[in-house]
Amino acid sequence: MTDLATYNFAYLDEQTKRMIRRAILKAIAIPGYQVPFASREMPMPYGWGTGGVQVTASIIGPEDVLKVIDQGADDTTNAVSIRAFFQKVANVAVTTHTKDATIIQTRHRIPEQKLAEGQVLVYQVPIPEPLRFLEPRETETRKMHALEEYGLMHVKLYEDIAHNGRISKTYAYPVKVAGRYVMDPSPTPKFDNPKMHMSEALQLFGAGREKRIYAVPPYTEVVSLDFEDYPFEIQKFEQPCALCGAQGVYLDEVVLDDKGGRMFVCSDTDHCEDRREHGHAGEMLAQNKEAAE
Amino acid sequence: MNIKTQALSGGFQEPVFESQGVFRMLMNGMARPGTIHIITTDIGQPEPLGEAAGAIALTLCDHDTPTWLSAGLLKSPVAEWIGFHTGAPITREKAESRFAFVEAGVAPSSFGLFAAGTQEYPDRSTTLVIEITALGQGPALTLKGPGIQQATTVKLKGLPEVFPRLWADNRALFPRGVDVILTAGKSLLCLPRTTNIAFQ
Ligand SMILES: [Zn+2]
C-alpha cells in the first residue's frame, strides 16, 4: 500500500472541488472580479500558496503536465514542495519546461516564453484586493468596485509621482481588466504586466488566506493604470543576462563574493537553461569557459 | 423502466475523473466563448435531459445549488434524477436558483426573474443550461468579447427566437447578469455574460 491511497485525488474532497470550480467559472465570466470562496485548510502554511494550490487541485487531471515556479525558478523550496505535493496526491506528470506544461502554478513571475492557447497560469496571491492600501474595510472596497469608483486609486498613484517623480510601485502594479475591474496582478514585477494583456493562456488567481478567486480569460485587455504625462513603463536592465546573454528579460542580482562581486541573471531559470542549451552564452559563462580551457 | 428506476440509474462511472474532465470542458468553454465541446462519457440521463446538460448537472450541482427546471423537465424523471445523483434541491423560485435547466423547444420569456447577482456580488447569479437543436449547424452568429481573439463565428440551430432580446437585456446589466451554457445532445458551448453577440 502506498499512502497515496489514503488521499482524495488532488487532495481536496469532491464537494470542495465543485465549490471552487463554480467560483472559477464565475470568475472567468466576470474578468478581474474577485469571487469569494470557502478556502480549505491545506497541508502547508498560508504564504505557501494555499490559494493557488486549491485552484490547481480543482482543475488538474491525470492528463495534465504541471510546472511550478517561485520567483521564476523551478528549484526553490516552495516550488519543489508544491510540485512534490501534486505528484503525490494527483500522480501527474511534472516538467520544468514552460512549453511542455498544461498548468503552470506561479508565485511572483510570468514565464518569459510566450504562453500558448490551452495553457493555464495559476497565480498564488497573498493580497487580492488592489484597493486595500487605500481602504482597509472589505465592505468599502467592494462598494468601490461595484460603483467603478477608482478615482482614489488614481489620486494615490499621482501623489506618488508628485513625491518621487515617478510611480514607485514596481510589484503588484494595478491593472484594469476588460475595461471594467481594477485588479491586483499579485506580486509579480510590473515588468510582467504586459504579458497579461491579450495572453493566449487562461490566467487564474487564488488567494487562500483572503478566500478569493479571480481570472483573466485569454485574449482579454489588461491595461496597467497610468497617466497621459506619466505613461506606464516597465523596468529596463542595462546589461544582458550574465549566463545566457538574454536581453529584454527580467533579471535577478546574484552576489558572487564578499568583495562586492555580483552578476545579473535571468529570474526565469527554464528560459535561461534553454537558451544556454541552444548555444547562447553570457559574459560570465564565456569567462568561465576561457578559464577552464 | 418506471420513473423510480430511471431516477436511480446512470450517473458517472468514475465521478472523480469524469467530473474533472467535464469541468475542464466547461472551463475552456467559458474561457473561449463559442467553442464547441463534446461530452464523451455515457451517463444514462433520463429524457428529455441531454447528455451534456446531464453531465453539467453531475459536475457542478450539489446541495448548495438550488436548481430550477423548465416545466417539461420538472414533470419528467429528470427532477428526481438530478436530486438523487447530485443532492441539489429543486426549486420553483428562479431567483434563488444557482443553475437552471431548460429543455429544447421552450424559451424563458425573460432572464429577469433569474438571479443576476448584485452590483457588489455579481457572481451570485444563475447559470442557465439551455438545450437547443444543434451546435455547429444553422444560422451563423458573430461573437466578440473576452476569450475571443477579435471575433468568432458560431452556428446555432434552434436558438429561441427571443434570445437576441434576452441577451441584449442581460448584457445591459453587466457586471450583473446570468451566464448561459447552450447544449445539444452531447455538445456544449458557453456564453458568459461578457460575450457580445451579433445576430445576422
Ligand atoms: Zn539567462
# chains A, B, ... in the order shown; residues from 1 in each chain; ligands from 1
call {"tool": "residues_around", "arguments": {"residues": "Pro46 (chain B)", "least_positions_apart": "3", "cutoff": "7 Å", "atoms": "only C-alpha atoms", "output": "list in words"}}
result
Gln6, Leu49, Pro77 and Val78 of chain B
call {"tool": "select_by_dssp", "arguments": {"residues": "region 18-123 of chain B", "states": "helix (DSSP H, G or I)", "output": "VMD selection string"}}
result
chain B and resid 18 to 31 51 to 60 71 to 74 78 to 86 94 to 96
call {"tool": "write_last_selection", "arguments": {"atoms": "N, CA, C and O atoms", "output": "compact mmCIF listing (two decimals), in the first residue's frame"}}
result
# COMPACT_ATOMS: atom_id res chain seq x y z
N GLU B 18 -14.35 11.78 -14.27
CA GLU B 18 -15.30 12.27 -15.26
C GLU B 18 -15.75 13.69 -14.97
O GLU B 18 -15.86 14.52 -15.88
N SER B 19 -15.97 14.00 -13.69
CA SER B 19 -16.38 15.37 -13.38
C SER B 19 -15.23 16.34 -13.64
O SER B 19 -15.44 17.46 -14.10
N GLN B 20 -14.00 15.88 -13.40
CA GLN B 20 -12.84 16.74 -13.72
C GLN B 20 -12.79 17.02 -15.23
O GLN B 20 -12.56 18.15 -15.65
N GLY B 21 -13.02 15.98 -16.02
CA GLY B 21 -12.98 16.14 -17.47
C GLY B 21 -14.07 17.07 -17.98
O GLY B 21 -13.83 17.94 -18.82
N VAL B 22 -15.28 16.91 -17.45
CA VAL B 22 -16.38 17.77 -17.88
C VAL B 22 -16.13 19.21 -17.41
O VAL B 22 -16.35 20.17 -18.16
N PHE B 23 -15.61 19.34 -16.19
CA PHE B 23 -15.31 20.69 -15.70
C PHE B 23 -14.30 21.39 -16.61
O PHE B 23 -14.44 22.57 -16.93
N ARG B 24 -13.27 20.66 -17.03
CA ARG B 24 -12.25 21.29 -17.89
C ARG B 24 -12.85 21.75 -19.21
O ARG B 24 -12.49 22.79 -19.76
N MET B 25 -13.83 20.98 -19.74
CA MET B 25 -14.54 21.43 -20.95
C MET B 25 -15.30 22.72 -20.67
O MET B 25 -15.30 23.64 -21.48
N LEU B 26 -15.94 22.77 -19.50
CA LEU B 26 -16.70 23.97 -19.15
C LEU B 26 -15.77 25.15 -18.92
O LEU B 26 -16.06 26.27 -19.34
N MET B 27 -14.64 24.90 -18.26
CA MET B 27 -13.68 25.98 -18.00
C MET B 27 -13.12 26.51 -19.32
O MET B 27 -13.09 27.71 -19.55
N ASN B 28 -12.73 25.59 -20.20
CA ASN B 28 -12.21 26.01 -21.51
C ASN B 28 -13.30 26.69 -22.33
O ASN B 28 -13.05 27.64 -23.06
N GLY B 29 -14.51 26.17 -22.21
CA GLY B 29 -15.64 26.75 -22.94
C GLY B 29 -15.97 28.15 -22.46
O GLY B 29 -16.25 29.05 -23.25
N MET B 30 -15.94 28.36 -21.14
CA MET B 30 -16.24 29.67 -20.57
C MET B 30 -15.10 30.65 -20.91
O MET B 30 -15.34 31.84 -21.13
N ALA B 31 -13.87 30.12 -20.95
CA ALA B 31 -12.71 30.97 -21.26
C ALA B 31 -12.63 31.28 -22.75
O ALA B 31 -11.99 32.26 -23.14
N GLU B 51 -27.38 14.64 -22.88
CA GLU B 51 -26.17 14.12 -22.22
C GLU B 51 -25.31 15.22 -21.63
O GLU B 51 -24.85 15.12 -20.49
N ALA B 52 -25.07 16.27 -22.43
CA ALA B 52 -24.19 17.35 -21.95
C ALA B 52 -24.83 18.06 -20.75
O ALA B 52 -24.16 18.30 -19.74
N ALA B 53 -26.12 18.34 -20.86
CA ALA B 53 -26.82 19.01 -19.76
C ALA B 53 -26.76 18.15 -18.49
O ALA B 53 -26.51 18.66 -17.39
N GLY B 54 -26.96 16.84 -18.66
CA GLY B 54 -26.90 15.94 -17.51
C GLY B 54 -25.50 15.91 -16.91
O GLY B 54 -25.34 15.92 -15.68
N ALA B 55 -24.48 15.89 -17.77
CA ALA B 55 -23.10 15.86 -17.28
C ALA B 55 -22.76 17.15 -16.53
O ALA B 55 -22.02 17.13 -15.54
N ILE B 56 -23.30 18.28 -17.00
CA ILE B 56 -23.07 19.55 -16.31
C ILE B 56 -23.68 19.49 -14.91
O ILE B 56 -23.05 19.90 -13.93
N ALA B 57 -24.91 18.94 -14.82
CA ALA B 57 -25.55 18.82 -13.51
C ALA B 57 -24.71 17.95 -12.58
O ALA B 57 -24.46 18.31 -11.43
N LEU B 58 -24.24 16.81 -13.09
CA LEU B 58 -23.45 15.90 -12.25
C LEU B 58 -22.14 16.56 -11.80
O LEU B 58 -21.61 16.26 -10.74
N THR B 59 -21.61 17.45 -12.63
CA THR B 59 -20.31 18.06 -12.36
C THR B 59 -20.41 19.25 -11.40
O THR B 59 -19.53 19.43 -10.55
N LEU B 60 -21.47 20.05 -11.52
CA LEU B 60 -21.49 21.31 -10.77
C LEU B 60 -22.56 21.42 -9.68
O LEU B 60 -22.45 22.25 -8.78
N ALA B 71 -40.66 23.37 -17.26
CA ALA B 71 -41.85 22.55 -16.97
C ALA B 71 -41.70 21.10 -17.44
O ALA B 71 -42.04 20.16 -16.73
N GLY B 72 -41.19 20.93 -18.66
CA GLY B 72 -41.07 19.58 -19.23
C GLY B 72 -40.09 18.72 -18.45
O GLY B 72 -40.28 17.50 -18.32
N LEU B 73 -39.04 19.32 -17.94
CA LEU B 73 -38.06 18.57 -17.14
C LEU B 73 -38.62 18.26 -15.76
O LEU B 73 -38.41 17.18 -15.21
N LEU B 74 -39.35 19.25 -15.23
CA LEU B 74 -39.87 19.12 -13.87
C LEU B 74 -40.84 17.96 -13.75
O LEU B 74 -40.86 17.25 -12.74
N VAL B 78 -36.42 13.57 -14.69
CA VAL B 78 -35.18 14.36 -14.58
C VAL B 78 -35.03 14.98 -13.20
O VAL B 78 -33.93 14.99 -12.62
N ALA B 79 -36.14 15.49 -12.66
CA ALA B 79 -36.07 16.16 -11.35
C ALA B 79 -35.52 15.21 -10.30
O ALA B 79 -34.60 15.56 -9.55
N GLU B 80 -36.07 14.00 -10.30
CA GLU B 80 -35.60 13.02 -9.30
C GLU B 80 -34.19 12.55 -9.58
O GLU B 80 -33.41 12.28 -8.67
N TRP B 81 -33.87 12.46 -10.86
CA TRP B 81 -32.52 12.01 -11.26
C TRP B 81 -31.47 13.00 -10.76
O TRP B 81 -30.47 12.61 -10.17
N ILE B 82 -31.71 14.28 -10.99
CA ILE B 82 -30.76 15.31 -10.53
C ILE B 82 -30.70 15.31 -9.00
O ILE B 82 -29.61 15.35 -8.41
N GLY B 83 -31.86 15.22 -8.39
CA GLY B 83 -31.90 15.19 -6.92
C GLY B 83 -31.12 14.01 -6.36
O GLY B 83 -30.30 14.17 -5.46
N PHE B 84 -31.33 12.84 -6.94
CA PHE B 84 -30.68 11.63 -6.43
C PHE B 84 -29.17 11.66 -6.66
O PHE B 84 -28.38 11.35 -5.77
N HIS B 85 -28.73 12.05 -7.86
CA HIS B 85 -27.31 11.97 -8.19
C HIS B 85 -26.48 13.14 -7.68
O HIS B 85 -25.27 13.00 -7.52
N THR B 86 -27.11 14.29 -7.47
CA THR B 86 -26.31 15.46 -7.07
C THR B 86 -26.67 15.98 -5.67
O THR B 86 -25.88 16.70 -5.08
N LYS B 94 -37.07 30.97 -9.47
CA LYS B 94 -35.95 31.26 -10.38
C LYS B 94 -34.87 32.09 -9.68
O LYS B 94 -33.68 31.88 -9.89
N ALA B 95 -35.32 33.04 -8.86
CA ALA B 95 -34.39 33.99 -8.25
C ALA B 95 -33.42 33.33 -7.28
O ALA B 95 -32.34 33.86 -7.02
N GLU B 96 -33.81 32.18 -6.73
CA GLU B 96 -32.88 31.54 -5.78
C GLU B 96 -32.07 30.41 -6.43
O GLU B 96 -31.26 29.76 -5.77
call {"tool": "residues_near_ligand", "arguments": {"ligand": "ligand 1", "cutoff": "8 Å", "atoms": "only C-alpha atoms and all ligand atoms", "output": "list in words"}}
result
Pro240, Cys241, Ala242, Leu243, Cys244, Gly245, Ala246, Leu251, Val265, Cys266, Ser267, Asp268, Thr269, His271, Cys272, Glu273, Arg275, Arg276 and Gly282 of chain A
call {"tool": "write_last_selection", "arguments": {"atoms": "N, CA and C atoms", "output": "PDB file, in the first residue's frame"}}
result
ATOM      1  N   PRO A 240      22.752  42.496 -20.338  1.00  0.00           N
ATOM      2  CA  PRO A 240      22.058  41.226 -20.593  1.00  0.00           C
ATOM      3  C   PRO A 240      22.353  40.220 -19.472  1.00  0.00           C
ATOM      4  N   CYS A 241      21.651  39.085 -19.492  1.00  0.00           N
ATOM      5  CA  CYS A 241      21.880  38.009 -18.521  1.00  0.00           C
ATOM      6  C   CYS A 241      23.347  37.557 -18.614  1.00  0.00           C
ATOM      7  N   ALA A 242      23.993  37.431 -17.453  1.00  0.00           N
ATOM      8  CA  ALA A 242      25.417  37.076 -17.441  1.00  0.00           C
ATOM      9  C   ALA A 242      25.657  35.630 -17.878  1.00  0.00           C
ATOM     10  N   LEU A 243      24.617  34.812 -17.802  1.00  0.00           N
ATOM     11  CA  LEU A 243      24.788  33.397 -18.153  1.00  0.00           C
ATOM     12  C   LEU A 243      24.384  33.081 -19.594  1.00  0.00           C
ATOM     13  N   CYS A 244      23.258  33.662 -20.033  1.00  0.00           N
ATOM     14  CA  CYS A 244      22.768  33.286 -21.365  1.00  0.00           C
ATOM     15  C   CYS A 244      22.740  34.457 -22.335  1.00  0.00           C
ATOM     16  N   GLY A 245      23.048  35.646 -21.850  1.00  0.00           N
ATOM     17  CA  GLY A 245      23.106  36.805 -22.735  1.00  0.00           C
ATOM     18  C   GLY A 245      21.755  37.348 -23.160  1.00  0.00           C
ATOM     19  N   ALA A 246      20.656  36.858 -22.544  1.00  0.00           N
ATOM     20  CA  ALA A 246      19.320  37.303 -22.940  1.00  0.00           C
ATOM     21  C   ALA A 246      19.118  38.777 -22.610  1.00  0.00           C
ATOM     22  N   LEU A 251      15.741  40.243 -14.761  1.00  0.00           N
ATOM     23  CA  LEU A 251      16.991  39.736 -14.187  1.00  0.00           C
ATOM     24  C   LEU A 251      16.998  39.848 -12.668  1.00  0.00           C
ATOM     25  N   VAL A 265      21.335  37.733 -13.597  1.00  0.00           N
ATOM     26  CA  VAL A 265      20.955  36.557 -14.382  1.00  0.00           C
ATOM     27  C   VAL A 265      19.429  36.475 -14.509  1.00  0.00           C
ATOM     28  N   CYS A 266      18.973  35.742 -15.516  1.00  0.00           N
ATOM     29  CA  CYS A 266      17.533  35.532 -15.720  1.00  0.00           C
ATOM     30  C   CYS A 266      16.886  35.052 -14.431  1.00  0.00           C
ATOM     31  N   SER A 267      15.734  35.637 -14.075  1.00  0.00           N
ATOM     32  CA  SER A 267      14.977  35.097 -12.944  1.00  0.00           C
ATOM     33  C   SER A 267      14.241  33.826 -13.402  1.00  0.00           C
ATOM     34  N   ASP A 268      13.930  33.729 -14.685  1.00  0.00           N
ATOM     35  CA  ASP A 268      13.260  32.545 -15.241  1.00  0.00           C
ATOM     36  C   ASP A 268      14.328  31.492 -15.567  1.00  0.00           C
ATOM     37  N   THR A 269      14.512  30.543 -14.660  1.00  0.00           N
ATOM     38  CA  THR A 269      15.617  29.577 -14.805  1.00  0.00           C
ATOM     39  C   THR A 269      15.443  28.676 -16.027  1.00  0.00           C
ATOM     40  N   HIS A 271      13.993  29.434 -18.872  1.00  0.00           N
ATOM     41  CA  HIS A 271      14.310  30.236 -20.059  1.00  0.00           C
ATOM     42  C   HIS A 271      15.828  30.329 -20.229  1.00  0.00           C
ATOM     43  N   CYS A 272      16.537  30.557 -19.116  1.00  0.00           N
ATOM     44  CA  CYS A 272      17.992  30.715 -19.132  1.00  0.00           C
ATOM     45  C   CYS A 272      18.663  29.399 -19.565  1.00  0.00           C
ATOM     46  N   GLU A 273      18.234  28.298 -18.966  1.00  0.00           N
ATOM     47  CA  GLU A 273      18.824  26.990 -19.300  1.00  0.00           C
ATOM     48  C   GLU A 273      18.579  26.627 -20.754  1.00  0.00           C
ATOM     49  N   ARG A 275      18.125  28.631 -23.241  1.00  0.00           N
ATOM     50  CA  ARG A 275      18.985  29.444 -24.119  1.00  0.00           C
ATOM     51  C   ARG A 275      20.414  28.907 -24.130  1.00  0.00           C
ATOM     52  N   ARG A 276      20.922  28.552 -22.946  1.00  0.00           N
ATOM     53  CA  ARG A 276      22.292  28.039 -22.870  1.00  0.00           C
ATOM     54  C   ARG A 276      22.416  26.721 -23.629  1.00  0.00           C
ATOM     55  N   GLY A 282      26.316  34.136 -21.960  1.00  0.00           N
ATOM     56  CA  GLY A 282      26.511  35.493 -21.452  1.00  0.00           C
ATOM     57  C   GLY A 282      27.972  35.683 -21.080  1.00  0.00           C
TER      58      GLY A 282
END
call {"tool": "residues_around", "arguments": {"residues": "region 34-46 of chain A", "least_positions_apart": "2", "cutoff": "9 Å", "atoms": "only C-alpha atoms", "output": "PyMOL selection string"}}
result
(chain A and resi 11-12+16+19-20+23-24+26-27+30-32+48-51+53-54+126+128-129+183+207-215) or (chain B and resi 121-123)
call {"tool": "atom_distance", "arguments": {"atom1": "CA of His37 (chain B)", "atom2": "CA of Ser187 (chain B)"}}
result
5.5 Å
call {"tool": "interface_residues", "arguments": {"of": "chain A", "to": "chain B", "cutoff": "6 Å", "atoms": "only C-alpha atoms", "output": "list in words"}}
result
Arg18, Lys26, Ala29, Arg142, Ala146, Pro217, Pro218, Tyr219 and Thr220 of chain A
call {"tool": "select_by_dssp", "arguments": {"residues": "region 32-266 of chain A", "states": "strand (DSSP E)", "output": "NGL selection string"}}
result
:A and (35-36 or 65-70 or 93-94 or 103-107 or 120-124 or 175-177 or 181-183 or 202-207 or 212-216 or 222-224 or 251-255 or 262-266)
call {"tool": "residues_around", "arguments": {"residues": "region 160-171 of chain A", "least_positions_apart": "6", "cutoff": "7 Å", "atoms": "only C-alpha atoms", "output": "list in words"}}
result
Pro187, Thr188, Pro189 and Lys190 of chain A
call {"tool": "residues_around", "arguments": {"residues": "region 71-87 of chain A", "least_positions_apart": "2", "cutoff": "6 Å", "atoms": "only C-alpha atoms", "output": "list in words"}}
result
Val68, Ile69, Val89, Ala90, Asn91, Val92, Arg107, His108, Arg109, Ser267, Asp268 and Thr269 of chain A
call {"tool": "write_last_selection", "arguments": {"atoms": "all heavy atoms", "output": "short mmCIF file (atom, residue, chain, number, x, y, z; two decimals), in the first residue's frame"}}
result
data_model
loop_
_atom_site.label_atom_id
_atom_site.label_comp_id
_atom_site.auth_asym_id
_atom_site.auth_seq_id
_atom_site.Cartn_x
_atom_site.Cartn_y
_atom_site.Cartn_z
N VAL A 68 5.78 24.22 -11.69
CA VAL A 68 5.60 25.12 -10.55
C VAL A 68 6.84 26.01 -10.45
O VAL A 68 7.96 25.52 -10.42
CB VAL A 68 5.42 24.36 -9.22
CG1 VAL A 68 5.16 25.34 -8.08
CG2 VAL A 68 4.28 23.35 -9.32
N ILE A 69 6.60 27.32 -10.41
CA ILE A 69 7.74 28.24 -10.26
C ILE A 69 7.54 29.20 -9.09
O ILE A 69 6.41 29.56 -8.75
CB ILE A 69 8.01 29.06 -11.54
CG1 ILE A 69 6.72 29.68 -12.10
CG2 ILE A 69 8.72 28.20 -12.58
CD1 ILE A 69 6.96 30.65 -13.25
N VAL A 89 -0.31 13.49 -4.62
CA VAL A 89 -1.77 13.39 -4.47
C VAL A 89 -2.52 13.29 -5.79
O VAL A 89 -3.69 12.92 -5.80
CB VAL A 89 -2.35 14.57 -3.64
CG1 VAL A 89 -1.73 14.61 -2.25
CG2 VAL A 89 -2.17 15.90 -4.36
N ALA A 90 -1.87 13.63 -6.91
CA ALA A 90 -2.58 13.54 -8.20
C ALA A 90 -1.81 12.69 -9.21
O ALA A 90 -2.31 12.44 -10.31
CB ALA A 90 -2.84 14.93 -8.77
N ASN A 91 -0.61 12.28 -8.82
CA ASN A 91 0.18 11.41 -9.68
C ASN A 91 0.33 11.96 -11.09
O ASN A 91 0.30 11.21 -12.07
CB ASN A 91 -0.49 10.01 -9.72
CG ASN A 91 0.47 8.95 -10.22
OD1 ASN A 91 1.70 9.11 -10.09
ND2 ASN A 91 -0.05 7.89 -10.80
N VAL A 92 0.48 13.28 -11.20
CA VAL A 92 0.57 13.90 -12.53
C VAL A 92 2.02 14.02 -12.98
O VAL A 92 2.95 13.99 -12.17
CB VAL A 92 -0.05 15.32 -12.58
CG1 VAL A 92 -1.54 15.26 -12.42
CG2 VAL A 92 0.59 16.23 -11.56
N ARG A 107 4.44 31.82 -8.40
CA ARG A 107 4.50 32.85 -7.38
C ARG A 107 5.49 33.88 -7.89
O ARG A 107 6.64 33.55 -8.17
CB ARG A 107 4.98 32.22 -6.07
CG ARG A 107 5.23 33.18 -4.94
CD ARG A 107 5.49 32.39 -3.66
NE ARG A 107 5.88 33.26 -2.57
CZ ARG A 107 7.14 33.49 -2.21
NH1 ARG A 107 8.14 32.93 -2.86
NH2 ARG A 107 7.41 34.30 -1.20
N HIS A 108 5.03 35.09 -8.10
CA HIS A 108 5.89 36.25 -8.39
C HIS A 108 6.46 36.38 -9.80
O HIS A 108 7.25 37.28 -10.03
CB HIS A 108 7.07 36.33 -7.40
CG HIS A 108 6.66 36.62 -6.01
ND1 HIS A 108 7.53 37.07 -5.06
CD2 HIS A 108 5.45 36.54 -5.39
CE1 HIS A 108 6.89 37.24 -3.92
NE2 HIS A 108 5.63 36.92 -4.10
N ARG A 109 6.15 35.54 -10.74
CA ARG A 109 6.64 35.75 -12.10
C ARG A 109 5.67 35.19 -13.13
O ARG A 109 4.87 34.31 -12.83
CB ARG A 109 8.00 35.05 -12.34
CG ARG A 109 9.28 35.75 -11.88
CD ARG A 109 9.44 37.20 -12.34
NE ARG A 109 9.23 37.45 -13.77
CZ ARG A 109 10.11 37.19 -14.74
NH1 ARG A 109 11.28 36.65 -14.47
NH2 ARG A 109 9.84 37.48 -15.99
N SER A 267 15.73 35.64 -14.07
CA SER A 267 14.98 35.10 -12.94
C SER A 267 14.24 33.83 -13.40
O SER A 267 13.99 32.93 -12.62
CB SER A 267 14.02 36.16 -12.41
OG SER A 267 12.68 35.83 -12.63
N ASP A 268 13.93 33.73 -14.69
CA ASP A 268 13.26 32.55 -15.24
C ASP A 268 14.33 31.49 -15.57
O ASP A 268 14.99 31.55 -16.61
CB ASP A 268 12.50 32.95 -16.50
CG ASP A 268 11.69 31.81 -17.12
OD1 ASP A 268 12.05 30.63 -16.90
OD2 ASP A 268 10.71 32.09 -17.82
N THR A 269 14.51 30.54 -14.66
CA THR A 269 15.62 29.58 -14.80
C THR A 269 15.44 28.68 -16.03
O THR A 269 16.41 28.32 -16.69
CB THR A 269 15.74 28.69 -13.55
OG1 THR A 269 14.45 28.14 -13.25
CG2 THR A 269 16.24 29.49 -12.35
#
call {"tool": "closest_residue", "arguments": {"among": "B:Gly50, B:Gly158, B:Pro108, B:Gly11", "to": "Trp68 (chain B)", "atoms": "only C-alpha atoms"}}
result
B:Pro108
call {"tool": "residues_around", "arguments": {"residues": "Ser70 (chain B)", "least_positions_apart": "5", "cutoff": "7 Å", "atoms": "only C-alpha atoms", "output": "VMD selection string"}}
result
chain B and resid 101 to 103
call {"tool": "residues_around", "arguments": {"residues": "Phe163 (chain B)", "least_positions_apart": "4", "cutoff": "10 Å", "atoms": "only C-alpha atoms", "output": "number ranges by chain"}}
result
B: 107-111, 159, 167-169, 199
call {"tool": "atom_distance", "arguments": {"atom1": "CA of Phe227 (chain A)", "atom2": "CA of Leu131 (chain A)"}}
result
18.0 Å
